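model14.cif follows; it contains mmCIF, C-alpha atoms.
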data_final
#
loop_
_atom_site.label_atom_id
_atom_site.label_comp_id
_atom_site.auth_asym_id
_atom_site.auth_seq_id
_atom_site.Cartn_x
_atom_site.Cartn_y
_atom_site.Cartn_z
CA MET A 1 26.09 163.63 -8.36
CA SER A 2 29.21 162.69 -6.45
CA ALA A 3 31.03 164.85 -3.96
CA ASP A 4 34.00 164.85 -6.34
CA ALA A 5 31.87 166.43 -9.01
CA HIS A 6 30.66 169.15 -6.63
CA ALA A 7 34.29 170.06 -6.05
CA LEU A 8 34.74 170.77 -9.78
CA GLU A 9 33.33 174.19 -10.67
CA THR A 10 32.72 174.46 -14.41
CA SER A 11 31.20 177.18 -16.59
CA THR A 12 28.34 174.85 -17.56
CA GLY A 13 27.74 173.59 -14.05
CA LEU A 14 28.18 170.08 -15.42
CA ASP A 15 30.78 167.47 -14.63
CA SER A 16 33.47 167.84 -17.30
CA ARG A 17 34.18 164.10 -17.29
CA LYS A 18 30.57 163.31 -18.18
CA LEU A 19 30.55 165.96 -20.89
CA ALA A 20 33.78 164.46 -22.25
CA ILE A 21 32.38 160.93 -22.43
CA TRP A 22 29.20 162.20 -24.10
CA THR A 23 31.29 164.09 -26.66
CA PHE A 24 33.33 160.93 -27.27
CA ILE A 25 30.13 158.90 -27.66
CA GLY A 26 28.83 161.49 -30.15
CA SER A 27 31.97 161.10 -32.25
CA GLU A 28 31.65 157.32 -32.05
CA CYS A 29 28.13 157.59 -33.52
CA LEU A 30 29.67 159.05 -36.68
CA PHE A 31 32.35 156.35 -36.72
CA PHE A 32 29.79 153.55 -36.59
CA ALA A 33 27.50 155.37 -39.05
CA SER A 34 30.28 155.19 -41.64
CA LEU A 35 30.82 151.47 -40.98
CA ILE A 36 27.07 150.69 -41.14
CA SER A 37 26.74 152.70 -44.39
CA ASN A 38 29.72 150.84 -45.80
CA TYR A 39 28.13 147.50 -44.90
CA LEU A 40 24.75 148.41 -46.43
CA VAL A 41 26.35 149.68 -49.63
CA GLN A 42 28.89 146.86 -50.11
CA LYS A 43 26.92 143.81 -48.98
CA PRO A 44 24.71 143.45 -52.10
CA ARG A 45 27.72 143.83 -54.42
CA SER A 46 29.47 140.57 -53.53
CA LEU A 47 30.38 138.70 -56.71
CA VAL A 48 31.19 135.42 -54.96
CA GLY A 49 29.84 133.58 -51.91
CA PRO A 50 29.42 132.74 -49.15
CA LEU A 51 26.60 135.24 -48.73
CA ALA A 52 24.62 136.36 -45.69
CA HIS A 53 21.19 134.85 -46.27
CA GLU A 54 21.35 133.05 -49.64
CA ALA A 55 23.10 129.86 -50.74
CA TRP A 56 25.69 130.33 -53.51
CA THR A 57 27.12 127.77 -55.91
CA ASP A 58 30.62 128.26 -57.25
CA PRO A 59 30.23 127.93 -61.06
CA ALA A 60 33.82 126.73 -61.44
CA THR A 61 33.80 123.92 -58.88
CA GLY A 62 30.09 123.35 -58.25
CA LYS A 63 30.72 123.74 -54.52
CA VAL A 64 27.64 125.01 -52.66
CA PHE A 65 28.15 127.63 -49.95
CA GLU A 66 25.28 127.64 -47.46
CA PRO A 67 23.91 130.96 -46.07
CA ILE A 68 26.41 132.15 -43.49
CA ILE A 69 24.19 133.91 -40.94
CA GLU A 70 22.92 131.84 -38.02
CA ILE A 71 20.38 133.63 -35.84
CA PRO A 72 20.06 131.54 -32.60
CA LEU A 73 23.54 132.07 -31.13
CA VAL A 74 23.69 135.76 -31.93
CA THR A 75 20.20 136.22 -30.44
CA VAL A 76 21.47 134.84 -27.13
CA GLY A 77 24.46 137.20 -27.35
CA THR A 78 22.14 140.13 -28.08
CA ALA A 79 19.88 139.30 -25.14
CA LEU A 80 22.86 139.04 -22.79
CA LEU A 81 24.26 142.38 -23.99
CA LEU A 82 20.85 143.97 -23.33
CA PHE A 83 20.68 142.42 -19.88
CA SER A 84 24.22 143.61 -19.17
CA SER A 85 22.93 147.17 -19.63
CA LEU A 86 20.31 146.45 -16.95
CA PHE A 87 22.92 144.88 -14.67
CA ILE A 88 25.28 147.85 -14.89
CA VAL A 89 22.58 150.40 -13.99
CA LEU A 90 21.78 148.23 -10.97
CA ALA A 91 25.51 148.17 -10.11
CA LEU A 92 25.64 151.96 -10.48
CA ASN A 93 22.57 152.28 -8.27
CA GLY A 94 24.42 150.21 -5.64
CA ALA A 95 27.56 152.35 -5.98
CA GLN A 96 25.56 155.57 -5.55
CA LYS A 97 23.80 154.20 -2.45
CA GLY A 98 27.01 152.77 -0.98
CA ASN A 99 25.62 149.22 -1.22
CA ARG A 100 28.85 147.30 -1.88
CA GLN A 101 27.17 143.91 -2.24
CA GLN A 102 24.79 145.22 -4.91
CA LEU A 103 27.66 146.97 -6.69
CA ILE A 104 29.96 143.93 -6.80
CA GLY A 105 27.21 141.42 -7.63
CA TRP A 106 25.71 143.30 -10.58
CA LEU A 107 29.07 144.49 -11.87
CA GLY A 108 30.26 140.86 -11.85
CA ALA A 109 27.12 139.83 -13.76
CA THR A 110 27.75 142.62 -16.31
CA LEU A 111 31.32 141.38 -16.80
CA LEU A 112 30.15 137.80 -17.35
CA CYS A 113 27.63 138.95 -19.99
CA GLY A 114 30.31 141.04 -21.72
CA MET A 115 32.78 138.15 -21.74
CA PHE A 116 30.12 135.79 -23.11
CA PHE A 117 29.39 138.26 -25.92
CA VAL A 118 33.07 138.53 -26.86
CA GLY A 119 33.38 134.72 -26.72
CA MET A 120 30.29 134.38 -28.90
CA GLN A 121 31.79 136.71 -31.47
CA VAL A 122 35.16 134.90 -31.50
CA TYR A 123 33.31 131.60 -32.03
CA GLU A 124 31.17 133.13 -34.78
CA PHE A 125 34.17 134.59 -36.62
CA THR A 126 36.04 131.28 -36.42
CA HIS A 127 32.96 129.41 -37.63
CA PHE A 128 32.51 131.81 -40.57
CA VAL A 129 36.16 131.46 -41.60
CA HIS A 130 35.77 127.66 -41.58
CA LYS A 131 32.71 128.07 -43.82
CA GLY A 132 34.81 130.04 -46.31
CA LEU A 133 34.01 133.66 -45.41
CA THR A 134 37.12 135.74 -44.83
CA LEU A 135 37.97 139.44 -44.87
CA GLN A 136 39.32 139.08 -48.43
CA ARG A 137 36.71 136.69 -49.84
CA ASN A 138 34.04 139.19 -50.94
CA LEU A 139 32.56 142.61 -50.16
CA PHE A 140 30.09 141.11 -47.71
CA GLY A 141 32.91 139.44 -45.75
CA ALA A 142 35.05 142.59 -45.75
CA SER A 143 32.28 144.92 -44.59
CA PHE A 144 30.84 142.37 -42.13
CA PHE A 145 34.14 141.65 -40.37
CA VAL A 146 35.10 145.34 -40.24
CA LEU A 147 31.74 146.43 -38.76
CA THR A 148 31.23 143.63 -36.25
CA GLY A 149 34.96 143.41 -35.53
CA PHE A 150 35.16 147.08 -34.56
CA HIS A 151 32.08 146.67 -32.39
CA GLY A 152 33.61 143.59 -30.75
CA THR A 153 36.78 145.56 -30.09
CA HIS A 154 34.69 148.22 -28.35
CA VAL A 155 33.00 145.53 -26.23
CA THR A 156 36.42 144.08 -25.33
CA ILE A 157 37.65 147.53 -24.26
CA GLY A 158 34.46 147.89 -22.21
CA VAL A 159 35.05 144.53 -20.51
CA ILE A 160 38.61 145.59 -19.57
CA TRP A 161 37.34 148.96 -18.30
CA LEU A 162 34.59 147.31 -16.22
CA PHE A 163 37.09 144.76 -14.89
CA THR A 164 39.20 147.62 -13.49
CA MET A 165 36.02 149.01 -11.89
CA PHE A 166 35.29 145.56 -10.47
CA VAL A 167 38.76 145.36 -8.91
CA LEU A 168 38.33 148.87 -7.43
CA ALA A 169 34.94 147.83 -6.02
CA LEU A 170 36.43 144.68 -4.48
CA ARG A 171 39.15 146.82 -2.84
CA GLY A 172 36.51 149.21 -1.50
CA GLN A 173 37.85 152.04 -3.66
CA LEU A 174 34.53 152.87 -5.35
CA PRO A 175 32.60 154.73 -2.63
CA PRO A 176 29.48 156.83 -3.44
CA LYS A 177 31.58 159.99 -3.86
CA ARG A 178 33.43 158.25 -6.74
CA ALA A 179 30.37 156.62 -8.30
CA VAL A 180 30.69 159.04 -11.23
CA ASN A 181 33.73 156.98 -12.35
CA LEU A 182 31.47 153.95 -12.74
CA GLU A 183 28.77 156.13 -14.32
CA ILE A 184 31.21 157.15 -17.08
CA ALA A 185 32.20 153.51 -17.71
CA ALA A 186 28.51 152.59 -17.71
CA LEU A 187 27.72 155.26 -20.34
CA TYR A 188 30.38 153.74 -22.60
CA TRP A 189 28.93 150.28 -21.98
CA HIS A 190 25.39 151.41 -22.80
CA PHE A 191 26.73 152.97 -25.99
CA VAL A 192 28.19 149.66 -27.23
CA ASP A 193 24.79 148.17 -26.40
CA VAL A 194 22.82 150.74 -28.44
CA VAL A 195 25.20 150.29 -31.37
CA TRP A 196 24.47 146.56 -31.26
CA ILE A 197 20.73 147.34 -31.14
CA ILE A 198 21.24 148.82 -34.63
CA ILE A 199 23.78 146.26 -35.91
CA PHE A 200 21.74 143.20 -34.93
CA PRO A 201 18.74 143.83 -37.23
CA VAL A 202 20.79 145.50 -39.98
CA VAL A 203 23.36 142.70 -40.28
CA TYR A 204 21.56 139.58 -39.06
CA LEU A 205 17.86 140.05 -39.70
CA ILE A 206 17.40 142.26 -42.76
CA LYS A 207 17.92 140.30 -45.99
CA MET B 1 25.63 186.07 -8.07
CA ASP B 2 26.42 182.90 -10.01
CA ALA B 3 24.53 182.91 -13.32
CA HIS B 4 25.34 179.28 -14.05
CA PRO B 5 23.43 176.39 -12.58
CA THR B 6 25.45 174.02 -10.45
CA ALA B 7 26.00 170.37 -11.32
CA HIS B 8 23.57 169.46 -8.59
CA GLU B 9 20.81 171.53 -10.16
CA HIS B 10 21.19 169.56 -13.40
CA GLU B 11 20.85 166.23 -11.65
CA HIS B 12 17.40 164.77 -11.10
CA ALA B 13 16.26 161.59 -9.43
CA HIS B 14 17.17 158.49 -11.42
CA PRO B 15 14.66 155.68 -11.93
CA THR B 16 14.35 153.01 -9.27
CA PRO B 17 15.81 149.47 -9.68
CA GLY B 18 12.24 148.24 -10.24
CA THR B 19 11.82 150.62 -13.19
CA TYR B 20 15.19 149.52 -14.60
CA ALA B 21 14.10 145.88 -14.35
CA LYS B 22 10.76 146.55 -16.08
CA ILE B 23 12.58 148.31 -18.94
CA GLY B 24 15.03 145.38 -19.14
CA VAL B 25 12.17 142.89 -19.50
CA PHE B 26 10.50 145.13 -22.11
CA LEU B 27 13.78 145.33 -24.09
CA PHE B 28 14.02 141.54 -24.01
CA VAL B 29 10.42 141.23 -25.26
CA LEU B 30 11.16 143.66 -28.11
CA THR B 31 14.23 141.61 -29.09
CA ALA B 32 12.13 138.44 -29.06
CA LEU B 33 9.59 140.25 -31.26
CA GLU B 34 12.34 141.18 -33.73
CA VAL B 35 13.53 137.58 -34.02
CA GLY B 36 9.91 136.32 -34.10
CA LEU B 37 9.14 138.76 -36.89
CA TYR B 38 12.15 137.44 -38.85
CA GLU B 39 11.17 133.81 -38.30
CA GLY B 40 7.52 134.55 -39.13
CA THR B 41 8.44 136.39 -42.33
CA TYR B 42 11.49 134.53 -43.69
CA GLY B 43 11.83 131.46 -41.43
CA GLU B 44 11.53 127.84 -42.57
CA HIS B 45 7.90 127.62 -41.45
CA ALA B 46 6.78 131.05 -42.68
CA GLY B 47 3.41 130.68 -44.42
CA SER B 48 1.30 132.98 -46.52
CA PHE B 49 0.91 135.38 -43.60
CA GLY B 50 4.70 135.67 -43.50
CA ALA B 51 4.78 136.53 -47.19
CA SER B 52 2.17 139.24 -46.63
CA LEU B 53 4.40 140.71 -43.90
CA GLN B 54 7.44 141.09 -46.17
CA PRO B 55 6.70 144.67 -47.38
CA PHE B 56 6.46 145.80 -43.73
CA PHE B 57 9.39 143.75 -42.43
CA VAL B 58 12.15 146.36 -42.64
CA PRO B 59 10.06 149.33 -41.35
CA LEU B 60 8.75 147.21 -38.44
CA LEU B 61 12.24 146.01 -37.57
CA LEU B 62 13.66 149.54 -37.70
CA ALA B 63 10.78 150.82 -35.54
CA LEU B 64 11.43 148.13 -32.91
CA SER B 65 15.15 148.97 -32.92
CA ALA B 66 14.41 152.68 -32.59
CA ILE B 67 12.20 152.02 -29.54
CA LYS B 68 14.95 149.90 -27.92
CA PHE B 69 17.57 152.54 -28.73
CA ALA B 70 15.44 155.32 -27.22
CA LEU B 71 14.65 153.33 -24.05
CA VAL B 72 18.32 152.58 -23.36
CA ALA B 73 19.36 156.18 -24.06
CA MET B 74 16.56 157.78 -22.02
CA TYR B 75 16.49 155.52 -18.97
CA TYR B 76 19.76 153.55 -18.73
CA MET B 77 21.92 156.42 -19.98
CA HIS B 78 19.76 158.83 -17.93
CA LEU B 79 19.21 161.32 -20.76
CA LYS B 80 15.60 161.72 -19.65
CA ASN B 81 16.69 163.15 -16.31
CA ASP B 82 20.16 164.53 -17.05
CA SER B 83 21.19 167.88 -18.52
CA LYS B 84 19.77 168.71 -21.96
CA LEU B 85 23.32 169.54 -23.06
CA PHE B 86 24.21 165.83 -22.88
CA SER B 87 21.15 165.03 -25.00
CA GLY B 88 22.25 167.61 -27.55
CA VAL B 89 25.81 166.30 -27.67
CA PHE B 90 24.41 162.81 -28.33
CA VAL B 91 21.42 163.51 -30.57
CA PHE B 92 23.09 165.99 -32.94
CA PRO B 93 25.72 163.46 -34.16
CA ILE B 94 22.96 160.82 -34.46
CA ILE B 95 21.07 163.11 -36.85
CA ILE B 96 24.26 163.62 -38.88
CA ALA B 97 24.87 159.85 -38.77
CA ALA B 98 21.37 159.13 -40.09
CA VAL B 99 21.87 161.66 -42.90
CA ILE B 100 25.23 160.02 -43.77
CA ILE B 101 23.69 156.53 -43.91
CA VAL B 102 20.67 157.57 -45.99
CA GLY B 103 22.78 159.85 -48.21
CA LEU B 104 25.35 157.18 -49.00
CA ILE B 105 22.72 154.56 -49.75
CA VAL B 106 20.86 156.93 -52.11
CA LEU B 107 24.12 158.01 -53.77
CA GLN B 108 25.29 154.44 -54.30
CA THR B 109 21.88 153.28 -55.52
CA TYR B 110 21.79 156.00 -58.17
CA HIS B 111 25.44 155.43 -59.07
CA TRP B 112 24.87 151.70 -59.68
CA ALA B 113 21.56 152.30 -61.43
CA PHE B 114 23.30 154.63 -63.89
CA ALA B 115 26.31 152.31 -64.19
CA SER B 116 24.11 149.31 -65.01
CA THR B 117 22.17 151.23 -67.69
CA GLY B 118 25.30 152.83 -69.10
CA GLY B 119 24.02 156.30 -68.19
#
As C-alpha cells, the full file:
Amino acid sequence: MSADAHALETSTGLDSRKLAIWTFIGSECLFFASLISNYLVQKPRSLVGPLAHEAWTDPATGKVFEPIIEIPLVTVGTALLLFSSLFIVLALNGAQKGNRQQLIGWLGATLLCGMFFVGMQVYEFTHFVHKGLTLQRNLFGASFFVLTGFHGTHVTIGVIWLFTMFVLALRGQLPPKRAVNLEIAALYWHFVDVVWIIIFPVVYLIK
Amino acid sequence: MDAHPTAHEHEHAHPTPGTYAKIGVFLFVLTALEVGLYEGTYGEHAGSFGASLQPFFVPLLLALSAIKFALVAMYYMHLKNDSKLFSGVFVFPIIIAAVIIVGLIVLQTYHWAFASTGG
C-alpha cells in the first residue's frame, strides 16, 4: 500500500480509489453480461448470411458466403492480451519496488500488446465488412459488432490510460508512493482481459 | 481505540514475479488447450474422436475459461490477498451477470419454442 493511501483515513480502512475502481468493474460485469446475453440470443436467429461458422448461399443470387470466423489471428490477439496482464503485474511490481527500469520496460511491453490487440480488431472488422458482414446485415453481425466493438473500445481506453502512466513513469512521476495509481489502471486492464477470456470461447469457438 | 482496520492491515504480500510468470505460462497453455479442443472437435482434420468429444465441447470450454478467469482475478488482480470487500464487490455482480445470461437464454429458448409451435 502506498504512502498516499496511508494518508487517506476511511471508515473501511481501504483505499477509496481502489474501492471505486472495483465498484466500477462490478458495474461493467453487468454491462458485458447484457451484451453477451444479447449475442447468444440473437446469433442463431440470423435469417441471412454471412454466418459465424457455417457457409450460407443466397437463394436469390446463388452467391456463397463462407464462414466468417477465422481462429488463428484472434488466437494470437488473445495470447497477447493474456501476456499483457502478466506484463502489467510485473510493471506494477517494479513500481512498488521503485525499480524504474522494470516499470518502464514491462509497461512498454503491455502497451505494445494492447496496441496489437486493437490493430488486430480493426483488421478483423475491416476484413469482415469486405466479406459482407456489417452491423445491419443480420442479427449475428449486429450482436457481434456491438459486443466485440464495446470490448475493443474498452481496450482502446485502457491503452490510452496506460500510455499516460508510461509518460508519467518516463518523467519519474510514478514513485512507489504513487504505485496505487498504476494499480488502479492495472485492475481496469485485467478486467478487459477477463472479459475477453469469456468472449473468446463464446464468440469464436462455440458453434 | 480505532475499531476499523487500517488499509495496511488489509494488504498482504503479493505473489513474486516468478509466480506471476508461472501463472502467465499456465494461462497460455489453457488458451492453447481451448483452441486445440476446438480444432480437435470441429477442425478440418477432426476424426471420430473429435465427434465423440462434441457433447463435452461446450462444458470443457467453459470450464477452461472459468479457470483462466479465476486465476487472473485471484493472482493478477490480487483478490486472493486483498480485502474480502473487493472480492464481494466483484463477485456479487458476476453472480447477477450469470443469472442474467442464463435467464435470458432460457426465456428466449422457451419463447421461440412456443412461437414455432404456435403455442
- Would you mind reading off the distance between atom CA of B:Gly50 and atom CA of B:Leu37, one decimal, in Å?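 It comes out at 8.5 Å.
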* How would you write, as a VMD selection string, the residues chosen by the PyMOL selection byres ((chain B) within 8 of (chain A)) on this structure? -> chain B and resid 4 to 8 10 to 11 17 20 to 21 24 27 to 28 31 34 to 35 38 58 61 to 62 65 68 to 69 72 to 73 76 to 77 83 86 89 to 94 96 to 98 100 to 102 104 to 105 108
### Task
Could you check how far atom CA of A:Phe145 sits from atom CA of A:Phe125, in Å to one decimal?
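That distance, rounded to one decimal, is 8.0 Å.
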Checklist entry - Applied to the shown file, which residues does the PyMOL selection byres ((chain A and resi 106-118) around 7) return, written as a list of chain:residue names? => result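 Evaluating the PyMOL selection byres ((chain A and resi 106-118) around 7) on these coordinates yields A:Gly77, A:Leu80, A:Leu81, A:Ser84, A:Phe87, A:Ile88, A:Leu90, A:Ala91, A:Gln102, A:Leu103, A:Ile104, A:Gly105, A:Gly119, A:Met120, A:Gln121, A:Val122, A:Gly152, A:Val155, A:Thr156, A:Val159, A:Leu162, A:Phe163, A:Phe166.
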Q: With the file shown as input, list the residues that the PyMOL selection byres ((chain A and resi 176) around 7) selects, as a list of chain:residue names.
A: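 That expression, the PyMOL selection byres ((chain A and resi 176) around 7), corresponds here to A:Ser2, A:Ala95, A:Gln96, A:Lys97, A:Gly98, A:Leu174, A:Pro175, A:Lys177, A:Arg178, A:Ala179.
Between atom CA of A:Arg137 and atom CA of A:Pro44 there is a distance of 14.0 Å.
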Rank B:Thr41, B:Gly88, B:Phe26, B:Thr19 by their smallest atom-to-atom distance to B:Leu60, using all atoms listed in the file, and report the top residue only.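 Among B:Thr41, B:Gly88, B:Phe26, B:Thr19, it is B:Thr41 that comes nearest to B:Leu60.
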Next item on the list: Skip A:Ser46 itself and residues of its chain fewer than 3 positions away, then list as an MDAnalysis selection string all residues within 7 Å of it, counting all atoms listed in the file.
Entry: chainID A and resid 43 138:140
Would you mind completing stretch 79-114 of chain B to N, CA and C atoms and writing the output as a tab-separated table (two decimals), keeping the file's coordinate frame?
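Final output, saved to rebuild_2.tsv:
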chain	number	residue	atom	x	y	z
B	79	LEU	N	19.42	160.07	-20.02
B	79	LEU	CA	19.21	161.32	-20.76
B	79	LEU	C	17.88	161.98	-20.42
B	80	LYS	N	16.91	161.17	-20.00
B	80	LYS	CA	15.60	161.72	-19.65
B	80	LYS	C	15.69	162.68	-18.45
B	81	ASN	N	16.59	162.36	-17.54
B	81	ASN	CA	16.69	163.15	-16.31
B	81	ASN	C	17.92	164.06	-16.26
B	82	ASP	N	18.90	163.78	-17.12
B	82	ASP	CA	20.16	164.53	-17.05
B	82	ASP	C	20.05	165.85	-17.82
B	83	SER	N	21.16	166.58	-17.84
B	83	SER	CA	21.19	167.88	-18.52
B	83	SER	C	20.86	167.74	-20.01
B	84	LYS	N	20.14	168.72	-20.54
B	84	LYS	CA	19.77	168.71	-21.96
B	84	LYS	C	21.01	168.86	-22.84
B	85	LEU	N	22.08	169.40	-22.28
B	85	LEU	CA	23.32	169.54	-23.06
B	85	LEU	C	23.85	168.16	-23.46
B	86	PHE	N	23.77	167.20	-22.55
B	86	PHE	CA	24.21	165.83	-22.88
B	86	PHE	C	23.35	165.26	-24.01
B	87	SER	N	22.04	165.51	-23.93
B	87	SER	CA	21.15	165.03	-25.00
B	87	SER	C	21.55	165.64	-26.34
B	88	GLY	N	21.86	166.93	-26.31
B	88	GLY	CA	22.25	167.61	-27.55
B	88	GLY	C	23.54	167.06	-28.13
B	89	VAL	N	24.51	166.82	-27.23
B	89	VAL	CA	25.81	166.30	-27.67
B	89	VAL	C	25.67	164.90	-28.26
B	90	PHE	N	24.64	164.17	-27.83
B	90	PHE	CA	24.41	162.81	-28.33
B	90	PHE	C	23.50	162.80	-29.57
B	91	VAL	N	22.43	163.58	-29.51
B	91	VAL	CA	21.42	163.51	-30.57
B	91	VAL	C	21.90	164.19	-31.87
B	92	PHE	N	22.63	165.28	-31.74
B	92	PHE	CA	23.09	165.99	-32.94
B	92	PHE	C	23.94	165.08	-33.84
B	93	PRO	N	24.96	164.38	-33.30
B	93	PRO	CA	25.72	163.46	-34.16
B	93	PRO	C	24.86	162.31	-34.71
B	94	ILE	N	23.83	161.89	-33.95
B	94	ILE	CA	22.96	160.82	-34.46
B	94	ILE	C	22.20	161.29	-35.70
B	95	ILE	N	21.77	162.56	-35.67
B	95	ILE	CA	21.07	163.11	-36.85
B	95	ILE	C	22.03	163.14	-38.04
B	96	ILE	N	23.27	163.60	-37.79
B	96	ILE	CA	24.26	163.62	-38.88
B	96	ILE	C	24.52	162.19	-39.36
B	97	ALA	N	24.62	161.25	-38.41
B	97	ALA	CA	24.87	159.85	-38.77
B	97	ALA	C	23.75	159.30	-39.65
B	98	ALA	N	22.51	159.62	-39.29
B	98	ALA	CA	21.37	159.13	-40.09
B	98	ALA	C	21.42	159.72	-41.49
B	99	VAL	N	21.77	161.01	-41.58
B	99	VAL	CA	21.87	161.66	-42.90
B	99	VAL	C	22.99	161.00	-43.72
B	100	ILE	N	24.11	160.67	-43.07
B	100	ILE	CA	25.23	160.02	-43.77
B	100	ILE	C	24.77	158.66	-44.32
B	101	ILE	N	24.10	157.88	-43.49
B	101	ILE	CA	23.69	156.53	-43.91
B	101	ILE	C	22.71	156.62	-45.08
B	102	VAL	N	21.67	157.45	-44.92
B	102	VAL	CA	20.67	157.57	-45.99
B	102	VAL	C	21.30	158.16	-47.25
B	103	GLY	N	22.13	159.19	-47.07
B	103	GLY	CA	22.78	159.85	-48.21
B	103	GLY	C	23.65	158.89	-49.01
B	104	LEU	N	24.46	158.11	-48.31
B	104	LEU	CA	25.35	157.18	-49.00
B	104	LEU	C	24.58	156.09	-49.74
B	105	ILE	N	23.51	155.61	-49.10
B	105	ILE	CA	22.72	154.56	-49.75
B	105	ILE	C	22.07	155.11	-51.03
B	106	VAL	N	21.50	156.31	-50.94
B	106	VAL	CA	20.86	156.93	-52.11
B	106	VAL	C	21.90	157.17	-53.20
B	107	LEU	N	23.05	157.71	-52.81
B	107	LEU	CA	24.12	158.01	-53.77
B	107	LEU	C	24.57	156.74	-54.48
B	108	GLN	N	24.81	155.69	-53.72
B	108	GLN	CA	25.29	154.44	-54.30
B	108	GLN	C	24.22	153.78	-55.17
B	109	THR	N	22.97	153.88	-54.73
B	109	THR	CA	21.88	153.28	-55.52
B	109	THR	C	21.79	153.95	-56.88
B	110	TYR	N	21.84	155.28	-56.90
B	110	TYR	CA	21.79	156.00	-58.17
B	110	TYR	C	23.03	155.71	-59.01
B	111	HIS	N	24.19	155.67	-58.36
B	111	HIS	CA	25.44	155.43	-59.07
B	111	HIS	C	25.38	154.09	-59.79
B	112	TRP	N	24.91	153.04	-59.09
B	112	TRP	CA	24.87	151.70	-59.68
B	112	TRP	C	23.74	151.57	-60.70
B	113	ALA	N	22.66	152.32	-60.46
B	113	ALA	CA	21.56	152.30	-61.43
B	113	ALA	C	22.04	152.89	-62.76
B	114	PHE	N	22.77	154.00	-62.68
B	114	PHE	CA	23.30	154.63	-63.89
B	114	PHE	C	24.38	153.76	-64.52
